Amino acid sequence: MTQAQATPLITDEMRAEIGKESQPWTCEVDKTAIRMFARSVGHTDPIYYDEAAAKAAGYRGIPCPPGYLGTPVFHPATSDSTFGGRRGAGPGPQPSRPLTRVLNGGTEMELLEDICAGDVLTASSHLAELEERTGSIGQMLISTNKTVYKNQHGKVVAISTGTGIRY
Amino acid sequence: MAATWNDVSEGMSIPELKKNCSTQQLVQWAAGSGDFYQIHYDKDFAMSTGLPGLIVHGALKNAFLGQLVHDWVGNNGRIKAYGCSYRGMDYPTEEIICKGVVKRKYEENGEKLADLEVWTENPKGQKTTPGTATVRFN
């Protein structure tokens, strides 16, 4: 099989990136942004729209619906115009041959504390794992990124893990 | 009615959540999530990348699964962890049925917990977004 003899995609330079912490960035948690997120999902629970309902349900304020961890503060000079997050510092070390296609493999979130409107989160991420596999789409590079979110009191409130697939 | 700890049993299905995204909803999600990638609202752009047409954002399906679990537990608990894999594409104006089953009910470190298997199903019955969730009951 030629696939078994394929050159590994992952290089030593790429492995050296594992665990390096990114510069932190700020995510604001806003009432209006929460409502817009909840509305776009189709949430019907009033806690995502109405402060009094949220407080009656035991929250400090309007809580983040599942999947929402604040909005990265946008700045045209440093943010990505399509995705809104901070633009990367550059492509970083590349695999042994160019991979042009990208798939979002999945998302996992650990929600450790309530996150409510008015909170300001500080996020930073690192490459947690690199793996290569051969599947129906050929040789794939699977990278796992972990992002840790702390609130304004320095407490870790959420950890999200994203899997990216390049092939 | 939102489920309480006493209502939970292993093997039980939770109420389904049916979604069927209009292109308007995809635009709302683009604004709500901040993801303005054109494959989700510009058909010409989507087709120019080789897609058959517009596709539903993976992260929106992730949020649907979050709603599925939230609507089940209401404010009788909190989602402690959840996530999913994006295995298949879903398309606007096609049904996306969100489902879940309780796999495990247990107490750990003083917390009342339930682990669920959750997923979205397309009109062909394929699980396009399989995932898991853990709920902590009050």
# chains A, B, ... in the order shown; residues from 1 in each chain; ligands from 1
call {"tool": "interface_residues", "arguments": {"of": "chain B", "to": "chain A", "cutoff": "9 Å", "atoms": "only C-alpha atoms", "output": "ChimeraX atom specification"}}
result
/B:19,25-38,58-67,70-71,74-76,78-87,129,131-132
call {"tool": "write_last_selection", "arguments": {"atoms": "C-alpha atoms", "output": "short mmCIF file (atom, residue, chain, number, x, y, z; two decimals), in the first residue's frame"}}
result
data_model
loop_
_atom_site.label_atom_id
_atom_site.label_comp_id
_atom_site.auth_asym_id
_atom_site.auth_seq_id
_atom_site.Cartn_x
_atom_site.Cartn_y
_atom_site.Cartn_z
CA LYS B 19 -35.23 22.53 13.47
CA GLN B 25 -31.91 31.90 10.25
CA LEU B 26 -28.43 31.23 8.84
CA VAL B 27 -27.93 34.98 8.39
CA GLN B 28 -29.17 35.57 11.94
CA TRP B 29 -26.69 32.96 13.16
CA ALA B 30 -23.89 34.60 11.17
CA ALA B 31 -24.60 37.82 13.06
CA GLY B 32 -25.23 36.09 16.40
CA SER B 33 -22.07 34.01 16.29
CA GLY B 34 -19.84 36.42 14.36
CA ASP B 35 -19.08 33.78 11.68
CA PHE B 36 -19.62 35.45 8.31
CA TYR B 37 -18.15 32.69 6.13
CA GLN B 38 -20.01 33.01 2.83
CA GLY B 58 -21.62 23.21 12.30
CA ALA B 59 -21.55 25.49 15.33
CA LEU B 60 -25.27 26.21 14.89
CA LYS B 61 -26.00 22.49 15.11
CA ASN B 62 -23.82 22.42 18.21
CA ALA B 63 -25.96 25.23 19.63
CA PHE B 64 -29.15 23.32 18.68
CA LEU B 65 -27.90 20.36 20.73
CA GLY B 66 -27.28 22.79 23.58
CA GLN B 67 -30.86 24.01 23.28
CA HIS B 70 -31.33 23.07 28.05
CA ASP B 71 -35.00 22.71 27.11
CA GLY B 74 -34.70 23.91 32.10
CA ASN B 75 -33.55 25.64 35.23
CA ASN B 76 -33.53 22.45 37.33
CA ARG B 78 -27.01 23.26 34.35
CA ILE B 79 -25.21 21.85 31.36
CA LYS B 80 -21.79 20.97 32.75
CA ALA B 81 -20.22 19.85 29.48
CA TYR B 82 -21.33 19.15 25.96
CA GLY B 83 -19.97 18.76 22.49
CA CYS B 84 -20.33 17.12 19.14
CA SER B 85 -18.51 16.03 16.01
CA TYR B 86 -19.41 17.33 12.58
CA ARG B 87 -19.80 14.18 10.50
CA THR B 129 -23.79 15.57 14.39
CA GLY B 131 -22.26 14.25 20.55
CA THR B 132 -22.48 13.93 24.31
#
call {"tool": "residues_around", "arguments": {"residues": "Asn122 of chain B", "least_positions_apart": "5", "cutoff": "12 Å", "atoms": "only C-alpha atoms", "output": "VMD selection string"}}
result
chain B and resid 18 to 20 56 61 87 to 99 127 to 130
call {"tool": "write_last_selection", "arguments": {"atoms": "C-alpha atoms", "output": "short mmCIF file (atom, residue, chain, number, x, y, z; two decimals), in the first residue's frame"}}
result
data_model
loop_
_atom_site.label_atom_id
_atom_site.label_comp_id
_atom_site.auth_asym_id
_atom_site.auth_seq_id
_atom_site.Cartn_x
_atom_site.Cartn_y
_atom_site.Cartn_z
CA LYS B 18 -37.05 19.96 15.53
CA LYS B 19 -35.23 22.53 13.47
CA ASN B 20 -35.49 23.53 9.86
CA VAL B 56 -25.83 24.91 7.89
CA LYS B 61 -26.00 22.49 15.11
CA ARG B 87 -19.80 14.18 10.50
CA GLY B 88 -22.22 15.23 7.80
CA MET B 89 -23.53 18.40 6.24
CA ASP B 90 -27.05 19.71 6.74
CA TYR B 91 -28.85 22.04 4.39
CA PRO B 92 -31.32 24.90 4.77
CA THR B 93 -35.05 24.08 4.50
CA GLU B 94 -34.36 20.45 5.46
CA GLU B 95 -35.39 19.05 8.80
CA ILE B 96 -32.73 18.68 11.48
CA ILE B 97 -34.09 16.60 14.35
CA CYS B 98 -32.17 16.88 17.61
CA LYS B 99 -32.42 13.85 19.88
CA LYS B 127 -26.72 11.11 12.47
CA THR B 128 -24.88 14.11 11.06
CA THR B 129 -23.79 15.57 14.39
CA PRO B 130 -23.23 12.97 17.13
#
call {"tool": "select_by_dssp", "arguments": {"residues": "chain A", "states": "alpha helix (DSSP H)", "output": "ChimeraX atom specification"}}
result
/A:12-15,31-41,51-56
call {"tool": "write_last_selection", "arguments": {"atoms": "C-alpha atoms", "output": "JSON list (two decimals), in the first residue's frame"}}
result
[["chain", "number", "residue", "atom", "x", "y", "z"],
["A", 12, "ASP", "CA", 9.23, 18.14, 14.46],
["A", 13, "GLU", "CA", 8.68, 21.89, 14.06],
["A", 14, "MET", "CA", 4.93, 21.32, 14.26],
["A", 15, "ARG", "CA", 5.27, 19.13, 17.36],
["A", 31, "LYS", "CA", -27.04, 41.42, 26.94],
["A", 32, "THR", "CA", -27.68, 42.47, 23.36],
["A", 33, "ALA", "CA", -25.22, 39.93, 21.94],
["A", 34, "ILE", "CA", -26.73, 37.14, 24.07],
["A", 35, "ARG", "CA", -30.21, 38.00, 22.84],
["A", 36, "MET", "CA", -29.02, 38.01, 19.24],
["A", 37, "PHE", "CA", -27.32, 34.63, 19.71],
["A", 38, "ALA", "CA", -30.34, 33.11, 21.47],
["A", 39, "ARG", "CA", -32.68, 34.47, 18.83],
["A", 40, "SER", "CA", -30.58, 33.02, 16.01],
["A", 41, "VAL", "CA", -30.64, 29.56, 17.61],
["A", 51, "GLU", "CA", -33.12, 39.94, 33.08],
["A", 52, "ALA", "CA", -35.92, 39.47, 35.61],
["A", 53, "ALA", "CA", -36.61, 35.94, 34.31],
["A", 54, "ALA", "CA", -32.90, 35.12, 34.50],
["A", 55, "LYS", "CA", -32.66, 36.33, 38.10],
["A", 56, "ALA", "CA", -35.82, 34.45, 39.06]]
call {"tool": "atom_distance", "arguments": {"atom1": "atom CA of Leu9 of chain A", "atom2": "atom CA of Leu127 of chain A"}}
result
16.1 Å
call {"tool": "residues_around", "arguments": {"residues": "segment 128-135 of chain A", "least_positions_apart": "4", "cutoff": "9 Å", "atoms": "only C-alpha atoms", "output": "list in words"}}
result
Gln3, Ala4, Pro8, Leu9, Ile10, Met14, Arg15, Glu17, Ile18, Gly19, Lys20, Gln139, Met140, Leu141, Ile142, Ser143, Thr144, Asn145, Lys146 and Thr161 of chain A
call {"tool": "closest_residue", "arguments": {"among": "A:Thr100, A:Gln23, A:Thr122, A:Ser136", "to": "Arg87 of chain A", "atoms": "only C-alpha atoms"}}
result
A:Gln23
call {"tool": "select_by_dssp", "arguments": {"residues": "segment 49-89 of chain B", "states": "strand (DSSP E)", "output": "MDAnalysis selection string"}}
result
chainID B and resid 77:85
call {"tool": "write_last_selection", "arguments": {"atoms": "C-alpha atoms", "output": "short mmCIF file (atom, residue, chain, number, x, y, z; two decimals), in the first residue's frame"}}
result
data_model
loop_
_atom_site.label_atom_id
_atom_site.label_comp_id
_atom_site.auth_asym_id
_atom_site.auth_seq_id
_atom_site.Cartn_x
_atom_site.Cartn_y
_atom_site.Cartn_z
CA GLY B 77 -29.86 22.08 36.50
CA ARG B 78 -27.01 23.26 34.35
CA ILE B 79 -25.21 21.85 31.36
CA LYS B 80 -21.79 20.97 32.75
CA ALA B 81 -20.22 19.85 29.48
CA TYR B 82 -21.33 19.15 25.96
CA GLY B 83 -19.97 18.76 22.49
CA CYS B 84 -20.33 17.12 19.14
CA SER B 85 -18.51 16.03 16.01
#
call {"tool": "atom_distance", "arguments": {"atom1": "atom CA of Pro95 of chain A", "atom2": "atom CA of His126 of chain A"}}
result
17.7 Å
call {"tool": "closest_residue", "arguments": {"among": "A:Val157, A:Val120, A:Ala77, A:Ile137", "to": "Thr26 of chain A", "atoms": "only C-alpha atoms"}}
result
A:Val120
call {"tool": "residues_around", "arguments": {"residues": "segment 108-115 of chain B", "least_positions_apart": "3", "cutoff": "12 Å", "atoms": "only C-alpha atoms", "output": "NGL selection string"}}
result
:B and (3-12 or 14 or 69 or 72-73 or 76-83 or 100-105 or 118 or 131-138)
